[in-house]
Every structure is written in structure tokens, then in C-alpha cells.
file query_15.cif (mmCIF, C-alpha atoms and all ligand atoms)
data_query
#
loop_
_atom_site.group_PDB
_atom_site.id
_atom_site.type_symbol
_atom_site.label_atom_id
_atom_site.label_comp_id
_atom_site.auth_asym_id
_atom_site.auth_seq_id
_atom_site.Cartn_x
_atom_site.Cartn_y
_atom_site.Cartn_z
ATOM 1 C CA MET A 1 7.937 21.846 5.654
ATOM 2 C CA LYS A 2 5.242 21.282 3.033
ATOM 3 C CA LEU A 3 2.251 20.329 5.110
ATOM 4 C CA PHE A 4 0.383 17.853 2.915
ATOM 5 C CA ASP A 5 3.051 16.810 0.446
ATOM 6 C CA LEU A 6 3.758 13.080 -0.023
ATOM 7 C CA ASN A 7 6.059 13.443 -2.993
ATOM 8 C CA ASN A 8 7.711 10.073 -3.755
ATOM 9 C CA LYS A 9 7.016 8.686 -0.297
ATOM 10 C CA ALA A 10 6.515 4.918 -0.665
ATOM 11 C CA ILE A 11 3.400 3.705 1.123
ATOM 12 C CA VAL A 12 1.868 0.207 1.258
ATOM 13 C CA VAL A 13 -1.920 -0.018 1.484
ATOM 14 C CA THR A 14 -3.220 -3.467 2.383
ATOM 15 C CA GLY A 15 -6.666 -4.224 0.997
ATOM 16 C CA GLY A 16 -6.033 -1.398 -1.463
ATOM 17 C CA ASN A 17 -7.778 -2.984 -4.428
ATOM 18 C CA ARG A 18 -11.308 -1.831 -3.541
ATOM 19 C CA GLY A 19 -13.455 0.001 -0.993
ATOM 20 C CA ILE A 20 -11.769 2.239 1.561
ATOM 21 C CA GLY A 21 -8.285 0.915 0.740
ATOM 22 C CA PHE A 22 -8.637 1.811 -2.929
ATOM 23 C CA ALA A 23 -9.824 5.323 -2.074
ATOM 24 C CA LEU A 24 -6.863 5.740 0.290
ATOM 25 C CA ALA A 25 -4.374 4.441 -2.290
ATOM 26 C CA LYS A 26 -5.784 6.766 -4.959
ATOM 27 C CA GLY A 27 -5.736 9.733 -2.585
ATOM 28 C CA LEU A 28 -2.147 9.138 -1.434
ATOM 29 C CA HIS A 29 -1.073 8.800 -5.073
ATOM 30 C CA ALA A 30 -2.766 12.088 -5.959
ATOM 31 C CA PHE A 31 -0.642 13.778 -3.279
ATOM 32 C CA GLY A 32 2.567 12.427 -4.836
ATOM 33 C CA ALA A 33 3.126 9.101 -3.051
ATOM 34 C CA LYS A 34 4.438 5.895 -4.594
ATOM 35 C CA VAL A 35 1.682 3.455 -3.714
ATOM 36 C CA ILE A 36 1.868 -0.298 -3.292
ATOM 37 C CA ILE A 37 -1.496 -2.069 -3.387
ATOM 38 C CA ALA A 38 -1.295 -5.308 -1.394
ATOM 39 C CA ALA A 39 -4.235 -7.710 -1.319
ATOM 40 C CA ARG A 40 -4.972 -11.362 -2.149
ATOM 41 C CA ASP A 41 -6.583 -10.990 -5.574
ATOM 42 C CA GLN A 42 -3.666 -9.954 -7.786
ATOM 43 C CA GLN A 43 -5.871 -9.456 -10.839
ATOM 44 C CA ARG A 44 -7.940 -6.949 -8.916
ATOM 45 C CA ASN A 45 -4.714 -5.362 -7.597
ATOM 46 C CA HIS A 46 -3.620 -4.802 -11.205
ATOM 47 C CA GLN A 47 -6.999 -3.327 -12.098
ATOM 48 C CA ALA A 48 -6.850 -0.970 -9.121
ATOM 49 C CA CYS A 49 -3.352 0.185 -10.086
ATOM 50 C CA ALA A 50 -4.513 0.785 -13.669
ATOM 51 C CA ALA A 51 -7.465 2.794 -12.392
ATOM 52 C CA ILE A 52 -5.065 5.000 -10.416
ATOM 53 C CA SER A 53 -2.481 5.419 -13.166
ATOM 54 C CA ALA A 54 -3.027 4.219 -16.734
ATOM 55 C CA HIS A 55 0.757 4.101 -17.276
ATOM 56 C CA ALA A 56 1.527 2.364 -13.959
ATOM 57 C CA GLU A 57 3.346 5.454 -12.744
ATOM 58 C CA ARG A 58 4.172 5.260 -9.002
ATOM 59 C CA VAL A 59 1.874 2.241 -8.430
ATOM 60 C CA LEU A 60 2.718 -1.411 -7.802
ATOM 61 C CA PRO A 61 0.340 -4.352 -7.302
ATOM 62 C CA VAL A 62 1.588 -7.089 -4.952
ATOM 63 C CA ALA A 63 -0.215 -10.276 -3.950
ATOM 64 C CA CYS A 64 -0.508 -10.461 -0.178
ATOM 65 C CA ASP A 65 -2.575 -12.370 2.356
ATOM 66 C CA VAL A 66 -2.294 -10.473 5.642
ATOM 67 C CA THR A 67 -3.154 -13.589 7.647
ATOM 68 C CA CYS A 68 0.078 -15.237 6.475
ATOM 69 C CA PRO A 69 3.318 -13.722 7.857
ATOM 70 C CA ARG A 70 5.414 -15.184 5.039
ATOM 71 C CA SER A 71 3.122 -13.733 2.361
ATOM 72 C CA VAL A 72 3.262 -10.319 4.051
ATOM 73 C CA ALA A 73 7.059 -10.436 4.395
ATOM 74 C CA THR A 74 7.435 -11.301 0.694
ATOM 75 C CA ALA A 75 5.064 -8.510 -0.317
ATOM 76 C CA PHE A 76 6.969 -5.940 1.743
ATOM 77 C CA GLU A 77 10.288 -7.114 0.330
ATOM 78 C CA GLN A 78 8.939 -6.658 -3.205
ATOM 79 C CA ALA A 79 7.531 -3.248 -2.285
ATOM 80 C CA ALA A 80 10.756 -1.997 -0.698
ATOM 81 C CA ASN A 81 12.870 -3.262 -3.612
ATOM 82 C CA TRP A 82 10.606 -1.575 -6.142
ATOM 83 C CA ALA A 83 10.408 1.739 -4.298
ATOM 84 C CA GLY A 84 13.958 1.823 -2.919
ATOM 85 C CA GLY A 85 12.722 1.756 0.691
ATOM 86 C CA LEU A 86 9.434 2.386 2.476
ATOM 87 C CA TYR A 87 8.044 5.380 4.339
ATOM 88 C CA GLY A 88 4.567 4.316 5.407
ATOM 89 C CA CYS A 89 1.894 1.681 5.578
ATOM 90 C CA ILE A 90 -1.851 1.552 6.042
ATOM 91 C CA ALA A 91 -3.108 -1.726 7.524
ATOM 92 C CA ASN A 92 -6.559 -1.487 6.015
ATOM 93 C CA ALA A 93 -7.311 -5.091 4.956
ATOM 94 C CA GLY A 94 -10.194 -6.479 6.930
ATOM 95 C CA GLY A 95 -13.416 -8.365 6.826
ATOM 96 C CA ARG A 96 -16.645 -8.248 8.764
ATOM 97 C CA GLY A 97 -17.488 -10.702 11.481
ATOM 98 C CA THR A 98 -19.519 -13.892 11.517
ATOM 99 C CA GLY A 99 -22.864 -12.290 12.335
ATOM 100 C CA CYS A 100 -23.502 -15.099 14.868
ATOM 101 C CA ALA A 101 -24.307 -14.970 18.569
ATOM 102 C CA LEU A 102 -21.366 -16.045 20.723
ATOM 103 C CA ASP A 103 -23.110 -19.140 22.034
ATOM 104 C CA GLU A 104 -23.750 -20.304 18.477
ATOM 105 C CA VAL A 105 -20.660 -19.204 16.640
ATOM 106 C CA ASP A 106 -18.163 -21.636 15.173
ATOM 107 C CA GLY A 107 -14.825 -21.108 16.928
ATOM 108 C CA MET A 108 -12.871 -21.390 13.691
ATOM 109 C CA ALA A 109 -14.968 -18.677 12.012
ATOM 110 C CA TRP A 110 -14.500 -16.434 15.081
ATOM 111 C CA ARG A 111 -10.737 -16.885 14.901
ATOM 112 C CA THR A 112 -10.738 -16.148 11.162
ATOM 113 C CA THR A 113 -12.151 -12.684 11.895
ATOM 114 C CA LEU A 114 -9.414 -12.141 14.491
ATOM 115 C CA SER A 115 -6.818 -13.442 12.090
ATOM 116 C CA THR A 116 -7.778 -11.101 9.245
ATOM 117 C CA ASN A 117 -8.402 -7.939 11.261
ATOM 118 C CA LEU A 118 -6.078 -8.141 14.271
ATOM 119 C CA GLU A 119 -3.297 -10.584 13.409
ATOM 120 C CA GLY A 120 -3.368 -9.177 9.887
ATOM 121 C CA THR A 121 -2.546 -5.737 11.290
ATOM 122 C CA MET A 122 0.172 -7.253 13.487
ATOM 123 C CA ASN A 123 1.719 -9.148 10.546
ATOM 124 C CA THR A 124 1.574 -6.019 8.392
ATOM 125 C CA PHE A 125 3.175 -3.704 10.922
ATOM 126 C CA GLN A 126 5.792 -6.302 11.826
ATOM 127 C CA ALA A 127 6.879 -6.416 8.179
ATOM 128 C CA ALA A 128 6.788 -2.623 7.880
ATOM 129 C CA ILE A 129 8.846 -1.679 10.931
ATOM 130 C CA GLY A 130 12.262 -2.774 9.603
ATOM 131 C CA PRO A 131 12.039 -0.783 6.344
ATOM 132 C CA LEU A 132 10.595 2.257 8.165
ATOM 133 C CA LYS A 133 13.411 2.225 10.729
ATOM 134 C CA ALA A 134 15.909 1.923 7.881
ATOM 135 C CA HIS A 135 14.276 4.958 6.250
ATOM 136 C CA GLY A 136 14.859 6.953 9.441
ATOM 137 C CA GLU A 137 11.218 7.962 9.959
ATOM 138 C CA GLY A 138 7.802 6.678 9.025
ATOM 139 C CA ARG A 139 4.062 6.449 9.464
ATOM 140 C CA LEU A 140 1.810 3.520 10.350
ATOM 141 C CA ILE A 141 -1.952 3.761 10.184
ATOM 142 C CA ALA A 142 -4.455 1.014 11.018
ATOM 143 C CA VAL A 143 -8.114 1.075 10.049
ATOM 144 C CA SER A 144 -10.228 0.183 13.058
ATOM 145 C CA SER A 145 -13.997 0.548 13.376
ATOM 146 C CA LEU A 146 -16.778 1.989 15.506
ATOM 147 C CA ALA A 147 -17.210 -1.643 16.554
ATOM 148 C CA ALA A 148 -14.119 -1.172 18.743
ATOM 149 C CA LEU A 149 -16.141 1.211 20.923
ATOM 150 C CA HIS A 150 -19.784 0.309 20.472
ATOM 151 C CA GLY A 151 -21.410 -2.996 21.274
ATOM 152 C CA ASN A 152 -22.889 -4.717 18.260
ATOM 153 C CA ALA A 153 -24.866 -7.919 18.799
ATOM 154 C CA GLN A 154 -23.615 -10.896 16.768
ATOM 155 C CA PHE A 155 -20.253 -9.234 16.161
ATOM 156 C CA THR A 156 -18.200 -10.186 19.209
ATOM 157 C CA ASP A 157 -15.404 -11.333 16.890
ATOM 158 C CA TYR A 158 -15.240 -8.119 14.864
ATOM 159 C CA SER A 159 -15.558 -5.882 17.969
ATOM 160 C CA SER A 160 -12.805 -7.823 19.744
ATOM 161 C CA ALA A 161 -10.532 -7.639 16.708
ATOM 162 C CA LYS A 162 -10.989 -3.916 16.167
ATOM 163 C CA ALA A 163 -10.622 -3.099 19.884
ATOM 164 C CA GLY A 164 -7.402 -5.126 19.699
ATOM 165 C CA VAL A 165 -6.224 -3.063 16.733
ATOM 166 C CA GLU A 166 -6.709 0.109 18.774
ATOM 167 C CA GLY A 167 -4.712 -1.321 21.692
ATOM 168 C CA LEU A 168 -1.975 -2.560 19.385
ATOM 169 C CA CYS A 169 -1.599 0.916 17.868
ATOM 170 C CA ARG A 170 -1.387 2.711 21.211
ATOM 171 C CA ALA A 171 1.281 0.313 22.531
ATOM 172 C CA LEU A 172 3.233 0.382 19.274
ATOM 173 C CA ALA A 173 3.159 4.188 19.168
ATOM 174 C CA ILE A 174 5.203 4.186 22.368
ATOM 175 C CA GLU A 175 7.603 1.511 21.097
ATOM 176 C CA LEU A 176 8.316 3.437 17.904
ATOM 177 C CA ALA A 177 8.189 7.076 19.013
ATOM 178 C CA SER A 178 11.954 7.348 19.450
ATOM 179 C CA HIS A 179 12.404 6.034 15.886
ATOM 180 C CA LYS A 180 10.372 8.947 14.484
ATOM 181 C CA ILE A 181 7.614 6.542 13.470
ATOM 182 C CA THR A 182 4.065 7.576 14.316
ATOM 183 C CA VAL A 183 1.250 5.030 14.770
ATOM 184 C CA ASN A 184 -2.415 5.991 14.587
ATOM 185 C CA CYS A 185 -5.843 4.585 13.778
ATOM 186 C CA ILE A 186 -8.529 5.827 11.474
ATOM 187 C CA MET A 187 -11.940 4.796 12.757
ATOM 188 C CA PRO A 188 -14.564 4.938 10.006
ATOM 189 C CA GLY A 189 -18.265 4.998 10.737
ATOM 190 C CA TRP A 190 -20.665 3.412 8.234
ATOM 191 C CA VAL A 191 -19.033 3.486 4.814
ATOM 192 C CA ASP A 192 -20.685 2.488 1.560
ATOM 193 C CA THR A 193 -18.472 -0.401 0.350
ATOM 194 C CA ASP A 194 -18.740 -4.101 -0.586
ATOM 195 C CA LEU A 195 -18.240 -4.909 3.098
ATOM 196 C CA ASN A 196 -21.772 -3.696 3.779
ATOM 197 C CA ALA A 197 -23.412 -4.980 0.596
ATOM 198 C CA ASP A 198 -25.790 -7.235 2.542
ATOM 199 C CA ILE A 199 -26.933 -4.382 4.785
ATOM 200 C CA LYS A 200 -27.517 -2.171 1.763
ATOM 201 C CA GLN A 201 -29.765 -4.822 0.273
ATOM 202 C CA ASP A 202 -31.901 -4.674 3.404
ATOM 203 C CA LYS A 203 -33.412 -1.255 2.629
ATOM 204 C CA ARG A 204 -35.072 -0.894 6.008
ATOM 205 C CA GLN A 205 -31.855 -1.526 7.958
ATOM 206 C CA PHE A 206 -29.846 0.701 5.598
ATOM 207 C CA GLU A 207 -32.250 3.610 6.061
ATOM 208 C CA SER A 208 -32.616 3.183 9.817
ATOM 209 C CA ILE A 209 -28.844 3.287 10.376
ATOM 210 C CA LYS A 210 -28.671 6.650 8.593
ATOM 211 C CA ARG A 211 -31.830 8.117 10.076
ATOM 212 C CA LEU A 212 -31.562 6.985 13.681
ATOM 213 C CA ARG A 213 -27.882 6.534 14.392
ATOM 214 C CA VAL A 214 -25.865 8.954 12.264
ATOM 215 C CA PRO A 215 -26.347 12.672 13.091
ATOM 216 C CA MET A 216 -25.279 13.608 9.542
ATOM 217 C CA LYS A 217 -28.079 11.329 8.274
ATOM 218 C CA ARG A 218 -26.046 9.543 5.625
ATOM 219 C CA TRP A 219 -23.379 6.902 5.137
ATOM 220 C CA ALA A 220 -19.854 7.983 4.257
ATOM 221 C CA SER A 221 -18.205 7.450 0.897
ATOM 222 C CA ALA A 222 -14.822 5.720 0.963
ATOM 223 C CA GLU A 223 -13.267 8.950 -0.349
ATOM 224 C CA GLU A 224 -14.255 10.723 2.865
ATOM 225 C CA MET A 225 -11.579 8.683 4.713
ATOM 226 C CA VAL A 226 -8.777 10.054 2.528
ATOM 227 C CA GLY A 227 -8.188 13.436 4.192
ATOM 228 C CA ALA A 228 -7.333 11.848 7.529
ATOM 229 C CA ALA A 229 -4.810 9.525 5.891
ATOM 230 C CA ILE A 230 -3.117 12.390 4.012
ATOM 231 C CA TYR A 231 -2.921 14.373 7.249
ATOM 232 C CA LEU A 232 -1.455 11.508 9.287
ATOM 233 C CA MET A 233 1.000 10.497 6.532
ATOM 234 C CA SER A 234 2.286 13.976 5.758
ATOM 235 C CA GLY A 235 4.292 16.673 7.508
ATOM 236 C CA ALA A 236 1.019 18.045 8.877
ATOM 237 C CA GLY A 237 0.732 15.012 11.188
ATOM 238 C CA SER A 238 4.361 14.823 12.297
ATOM 239 C CA TYR A 239 3.628 15.262 16.044
ATOM 240 C CA HIS A 240 0.446 13.174 16.114
ATOM 241 C CA THR A 241 0.807 9.625 17.439
ATOM 242 C CA GLY A 242 -1.010 7.001 19.498
ATOM 243 C CA ASP A 243 -4.394 8.399 18.556
ATOM 244 C CA THR A 244 -7.590 7.495 16.733
ATOM 245 C CA LEU A 245 -9.301 9.813 14.265
ATOM 246 C CA ARG A 246 -13.025 9.035 14.203
ATOM 247 C CA ILE A 247 -14.697 9.793 10.878
ATOM 248 C CA ASP A 248 -18.257 8.781 11.534
ATOM 249 C CA GLY A 249 -20.643 11.626 10.722
ATOM 250 C CA GLY A 250 -21.013 12.246 14.472
ATOM 251 C CA TYR A 251 -22.151 8.691 15.300
ATOM 252 C CA HIS A 252 -20.215 8.602 18.573
ATOM 253 C CA ILE A 253 -21.928 11.722 19.942
ATOM 254 C CA GLY A 254 -25.380 11.069 18.452
HETATM 255 P P1 LIG B 301 -14.088 -4.204 1.427
HETATM 256 O O1 LIG B 301 -14.734 -5.514 1.719
HETATM 257 O O2 LIG B 301 -14.679 -3.314 0.404
HETATM 258 O O3 LIG B 301 -12.540 -4.448 1.031
HETATM 259 C C1 LIG B 301 -11.742 -5.279 1.825
HETATM 260 C C2 LIG B 301 -10.331 -5.245 1.277
HETATM 261 O O4 LIG B 301 -9.490 -6.047 2.111
HETATM 262 C C3 LIG B 301 -10.234 -5.812 -0.126
HETATM 263 O O5 LIG B 301 -9.296 -5.062 -0.856
HETATM 264 C C4 LIG B 301 -9.713 -7.233 0.097
HETATM 265 O O6 LIG B 301 -8.972 -7.652 -1.051
HETATM 266 C C5 LIG B 301 -8.815 -7.018 1.315
HETATM 267 N N1 LIG B 301 -8.610 -8.207 2.136
HETATM 268 C C6 LIG B 301 -9.530 -8.939 2.789
HETATM 269 N N2 LIG B 301 -8.952 -9.974 3.416
HETATM 270 C C7 LIG B 301 -7.615 -9.884 3.144
HETATM 271 C C8 LIG B 301 -6.483 -10.672 3.476
HETATM 272 N N3 LIG B 301 -6.591 -11.764 4.236
HETATM 273 N N4 LIG B 301 -5.270 -10.280 3.034
HETATM 274 C C9 LIG B 301 -5.139 -9.175 2.257
HETATM 275 N N5 LIG B 301 -6.171 -8.392 1.906
HETATM 276 C C10 LIG B 301 -7.390 -8.755 2.334
HETATM 277 O O7 LIG B 301 -13.984 -3.489 2.862
HETATM 278 P P2 LIG B 301 -13.932 -1.944 3.263
HETATM 279 O O8 LIG B 301 -13.196 -1.177 2.252
HETATM 280 O O9 LIG B 301 -15.282 -1.521 3.651
HETATM 281 O O10 LIG B 301 -13.098 -2.049 4.621
HETATM 282 C C11 LIG B 301 -11.747 -1.690 4.727
HETATM 283 C C12 LIG B 301 -11.380 -1.633 6.185
HETATM 284 O O11 LIG B 301 -12.211 -0.681 6.837
HETATM 285 C C13 LIG B 301 -11.577 -2.948 6.932
HETATM 286 O O12 LIG B 301 -10.535 -3.123 7.871
HETATM 287 C C14 LIG B 301 -12.907 -2.746 7.639
HETATM 288 O O13 LIG B 301 -13.010 -3.537 8.801
HETATM 289 C C15 LIG B 301 -12.818 -1.273 7.967
HETATM 290 N N6 LIG B 301 -14.103 -0.620 8.216
HETATM 291 C C16 LIG B 301 -15.059 -0.577 7.234
HETATM 292 C C17 LIG B 301 -16.266 0.052 7.486
HETATM 293 C C18 LIG B 301 -17.379 0.141 6.483
HETATM 294 O O14 LIG B 301 -18.480 0.581 6.850
HETATM 295 N N7 LIG B 301 -17.168 -0.218 5.238
HETATM 296 C C19 LIG B 301 -16.546 0.676 8.801
HETATM 297 C C20 LIG B 301 -15.455 0.571 9.741
HETATM 298 C C21 LIG B 301 -14.287 -0.054 9.445
HETATM 299 P P3 LIG B 301 -8.801 -9.204 -1.474
HETATM 300 O O15 LIG B 301 -10.139 -9.856 -1.317
HETATM 301 O O16 LIG B 301 -8.278 -9.151 -2.884
HETATM 302 O O17 LIG B 301 -7.772 -9.768 -0.542
#
call {"tool": "encode", "arguments": {"input": "query_15.cif", "output": "C-alpha cells"}}
result
Amino acid sequence: MKLFDLNNKAIVVTGGNRGIGFALAKGLHAFGAKVIIAARDQQRNHQACAAISAHAERVLPVACDVTCPRSVATAFEQAANWAGGLYGCIANAGGRGTGCALDEVDGMAWRTTLSTNLEGTMNTFQAAIGPLKAHGEGRLIAVSSLAALHGNAQFTDYSSAKAGVEGLCRALAIELASHKITVNCIMPGWVDTDLNADIKQDKRQFESIKRLRVPMKRWASAEEMVGAAIYLMSGAGSYHTGDTLRIDGGYHIG
């Protein structure tokens, strides 16, 4: 068994057109995978694919809104047809919460966060399971968050969604173990992406997160999430399921 080889393995990355998803898609591609970038903005999906491979080799952009089961099903059908089957999927698409206290938050906005982060993961995995079973083995990875473990005022929606993602993955790992499909979470700490653009603008908050809360005293780059995904997707991770890999610069022990 080649430990970290992903040669020609077809893997869908939702939210793969920027941020962590783009870094993951690029990293998987560099290890030999056929990568399908699935997000809402198809123009950006094309740009991301071009940035990974100028000649569109082993990359496919597909329009996909993870909150809509029909959109996800169509995207997976396109992906499987293009690649001749599917081996893996990373449910990475997500968005931050409302930033409102629970007694002030608009219920619709709260549910939108749940819909993108939790139902989006459910819709994505639901569409992936059939093709992975047909392939005879496979890998599912969800991207959760430190918010699943740590309280964060004004983010009850995001914390609930990401805690739900963790629970979903543990339960699904048991459902799929006999089909040779592993299910795990990657839990990033603070990562420098568009998602946190507002925090970065607030210099004092940006600095205090690094200085006071992260033992490694810095934010992560999106590329620092790639190694975990390669490990979990490849032969190296074949007996690893139902788990969460925390990549947080030591935040959880600090
Ligand atoms: P970004 O905001 O940089 O990127 C979000 C990605 O998700 C984009 O590609 C976006 O593409 C896509 N997306 C958003 N909504 C949908 C949707 N409804 N359907 C399909 N795609 C969608 O975020 P990050 O890269 O920072 O975050 C990626 C994941 O990592 C998220 O799940 C986030 O919760 C998680 N995370 C991030 C952390 C951080 O510090 N950055 C920390 C912990 C977890 P488009 O708009 O084209 O649809």
C-alpha cells in the first residue's frame, strides 16, 4: 500500500473555490486526485480549477448550493459521470454565524447558519454515499470547528451547527464502517481566510486571539489543513474512522 497516494481517486470538495476548501482541493490534486470543486459561484469555481491546473487536468468545477438537496444531487451526478465514479468527499462549505445574542437573533438567520453548516453536510454526505458504496470503499470528511467544543458568545447558531456536524460524523462512521467507508472530521482552529475578514480588520481582536488564546501564537494558513485531509483520504488513514483531528495550534490545551 502506498501510504499517501491519491492517484486518480475522485474527490468532491464543497466550498472548494476559496479559503480552506481551495487549499484542500489543491493539496489533494497535488497528491494525484481528480478533484471536483463544488460551490455556488461557478465563475469562481472555474477560476479555482484554473489556478490548480492551467490545462484543466483532473479538475472539474460544478455549481452547487449545499443547502439545496436537488442542487447537491445534480452536482454529484455530474461529478461521478465526469470521473467515472467517486471515492471521497470533503463537506467543507460553511459560513459563520449571525454574531447575535440568542435573545435578539432573527430565527430565520439562525436557521440559515444551521442549513449551510449542518444540513449542508447532511445533504452532501447523502449524495456521496451511493457513489462511494458503488466504488466499494470511500472516505468522507467534514470540516467542523473549535466552536463545536468551546462556547463563543453570539454564536449559538454556529456552535450548534458544528457540534451537530461532529455528532453526524460519529453516527455515520458506524453506519458506513461495514461498507469500507470512513467518516471523520477536521477541526480547524483560527484560520486566515475570508470567513474571518471582519475579525482581521479589528486589529486588537486579531492580535489578542493569537497572543492570549493560541499557544503557537499565530493563526493558521489554510494550507496547514491539507496534511490531515491527505492522511484521512489515503491508505495511511484506512483504519481511522469516527474521529476528529484538531488542527488548532494547541488552542484546546492552552
Ligand atoms: P470561506 O468563507 O473562505 O469559504 C467558504 C466556502 O464555502 C466558499 O468556497 C463558498 O463558496 C462556500 N459556500 C458557502 N456557502 C455555500 C453553500 N450554501 N453551498 C456551497 N458552497 C458554499 O470559509 P473558510 O475557508 O474559512 O471555511 C471553510 C470551512 O471551515 C467552513 O465550514 C468553516 O465553518 C470552517 N472553519 C473555518 C475556520 C476559520 O477560521 N476560517 C475555523 C473553523 C472552521 P460560494 O460562496 O461560491 O458558494
call {"tool": "residues_near_ligand", "arguments": {"input": "query_15.cif", "ligand": "ligand LIG 301 (chain B)", "cutoff": "6 Å", "atoms": "only C-alpha atoms and all ligand atoms", "output": "PyMOL selection string"}}
result
chain A and resi 14-21+39-41+64-67+92-96+116+143-145+188-196
call {"tool": "residues_around", "arguments": {"input": "query_15.cif", "residues": "Val59 (chain A)", "least_positions_apart": "4", "cutoff": "8 Å", "atoms": "all atoms listed in the file", "output": "ChimeraX atom specification"}}
result
/A:29,34-37,49,52-53
call {"tool": "atom_distance", "arguments": {"input": "query_15.cif", "atom1": "CA of Gly97 (chain A)", "atom2": "CA of Leu149 (chain A)"}}
result
15.3 Å
call {"tool": "resolve_selection", "arguments": {"input": "query_15.cif", "expression": "the PyMOL selection byres (((chain A and resi 125) around 10) and not hetatm)", "output": "count of residues only"}}
result
24
call {"tool": "residues_around", "arguments": {"input": "query_15.cif", "residues": "region 211-228 of chain A", "least_positions_apart": "4", "cutoff": "9 Å", "atoms": "only C-alpha atoms", "output": "ChimeraX atom specification"}}
result
/A:19-28,186-193,206-207,232-233,245,247-254
call {"tool": "resolve_selection", "arguments": {"input": "query_15.cif", "expression": "the PyMOL selection byres (((chain A and resi 243) around 7) and not hetatm)", "output": "ChimeraX atom specification"}}
result
/A:170,184-185,241-242,244-245
call {"tool": "atom_distance", "arguments": {"input": "query_15.cif", "atom1": "CA of Tyr231 (chain A)", "atom2": "CA of His135 (chain A)"}}
result
19.6 Å
call {"tool": "axis_aligned_box", "arguments": {"input": "query_15.cif", "around": "region 171-190 of chain A", "padding_each_side": "5 Å", "output": "JSON"}}
result
{"center_x": -4.1, "center_y": 4.6, "center_z": 15.4, "size_x": 43.1, "size_y": 18.6, "size_z": 24.3}
call {"tool": "resolve_selection", "arguments": {"input": "query_15.cif", "expression": "the PyMOL selection byres (((chain A and resi 62) around 6) and not hetatm)", "output": "list of chain:residue names"}}
result
A:Ala38, A:Pro61, A:Ala63, A:Ala75
call {"tool": "atom_distance", "arguments": {"input": "query_15.cif", "atom1": "CA of Leu86 (chain A)", "atom2": "CA of Lys133 (chain A)"}}
result
9.2 Å
call {"tool": "closest_residue", "arguments": {"input": "query_15.cif", "among": "A:Ile209, A:Val12, A:Ala161, A:Leu118", "to": "Glu77 (chain A)", "atoms": "all atoms listed in the file"}}
result
A:Val12
call {"tool": "closest_residue", "arguments": {"input": "query_15.cif", "among": "A:Cys100, A:Leu114, A:Ile181, A:Ala109", "to": "Ser234 (chain A)", "atoms": "all atoms listed in the file"}}
result
A:Ile181
call {"tool": "residues_near_point", "arguments": {"input": "query_15.cif", "point": "(7.8, 7.6, 3.4)", "cutoff": "7 Å", "atoms": "all atoms listed in the file", "output": "CSV table (one decimal) with C-alpha atoms, in the frame of the given file"}}
result
chain,number,residue,atom,x,y,z
A,9,LYS,CA,7.0,8.7,-0.3
A,10,ALA,CA,6.5,4.9,-0.7
A,11,ILE,CA,3.4,3.7,1.1
A,86,LEU,CA,9.4,2.4,2.5
A,87,TYR,CA,8.0,5.4,4.3
A,88,GLY,CA,4.6,4.3,5.4
A,138,GLY,CA,7.8,6.7,9.0
call {"tool": "residues_around", "arguments": {"input": "query_15.cif", "residues": "His46 (chain A)", "least_positions_apart": "4", "cutoff": "8 Å", "atoms": "all atoms listed in the file", "output": "PDB file with C-alpha atoms, keeping the file's coordinate frame"}}
result
ATOM      1  CA  GLN A  42      -3.666  -9.954  -7.786  1.00  0.00           C
ATOM      2  CA  ALA A  50      -4.513   0.785 -13.669  1.00  0.00           C
ATOM      3  CA  LEU A  60       2.718  -1.411  -7.802  1.00  0.00           C
ATOM      4  CA  PRO A  61       0.340  -4.352  -7.302  1.00  0.00           C
TER       5      PRO A  61
END
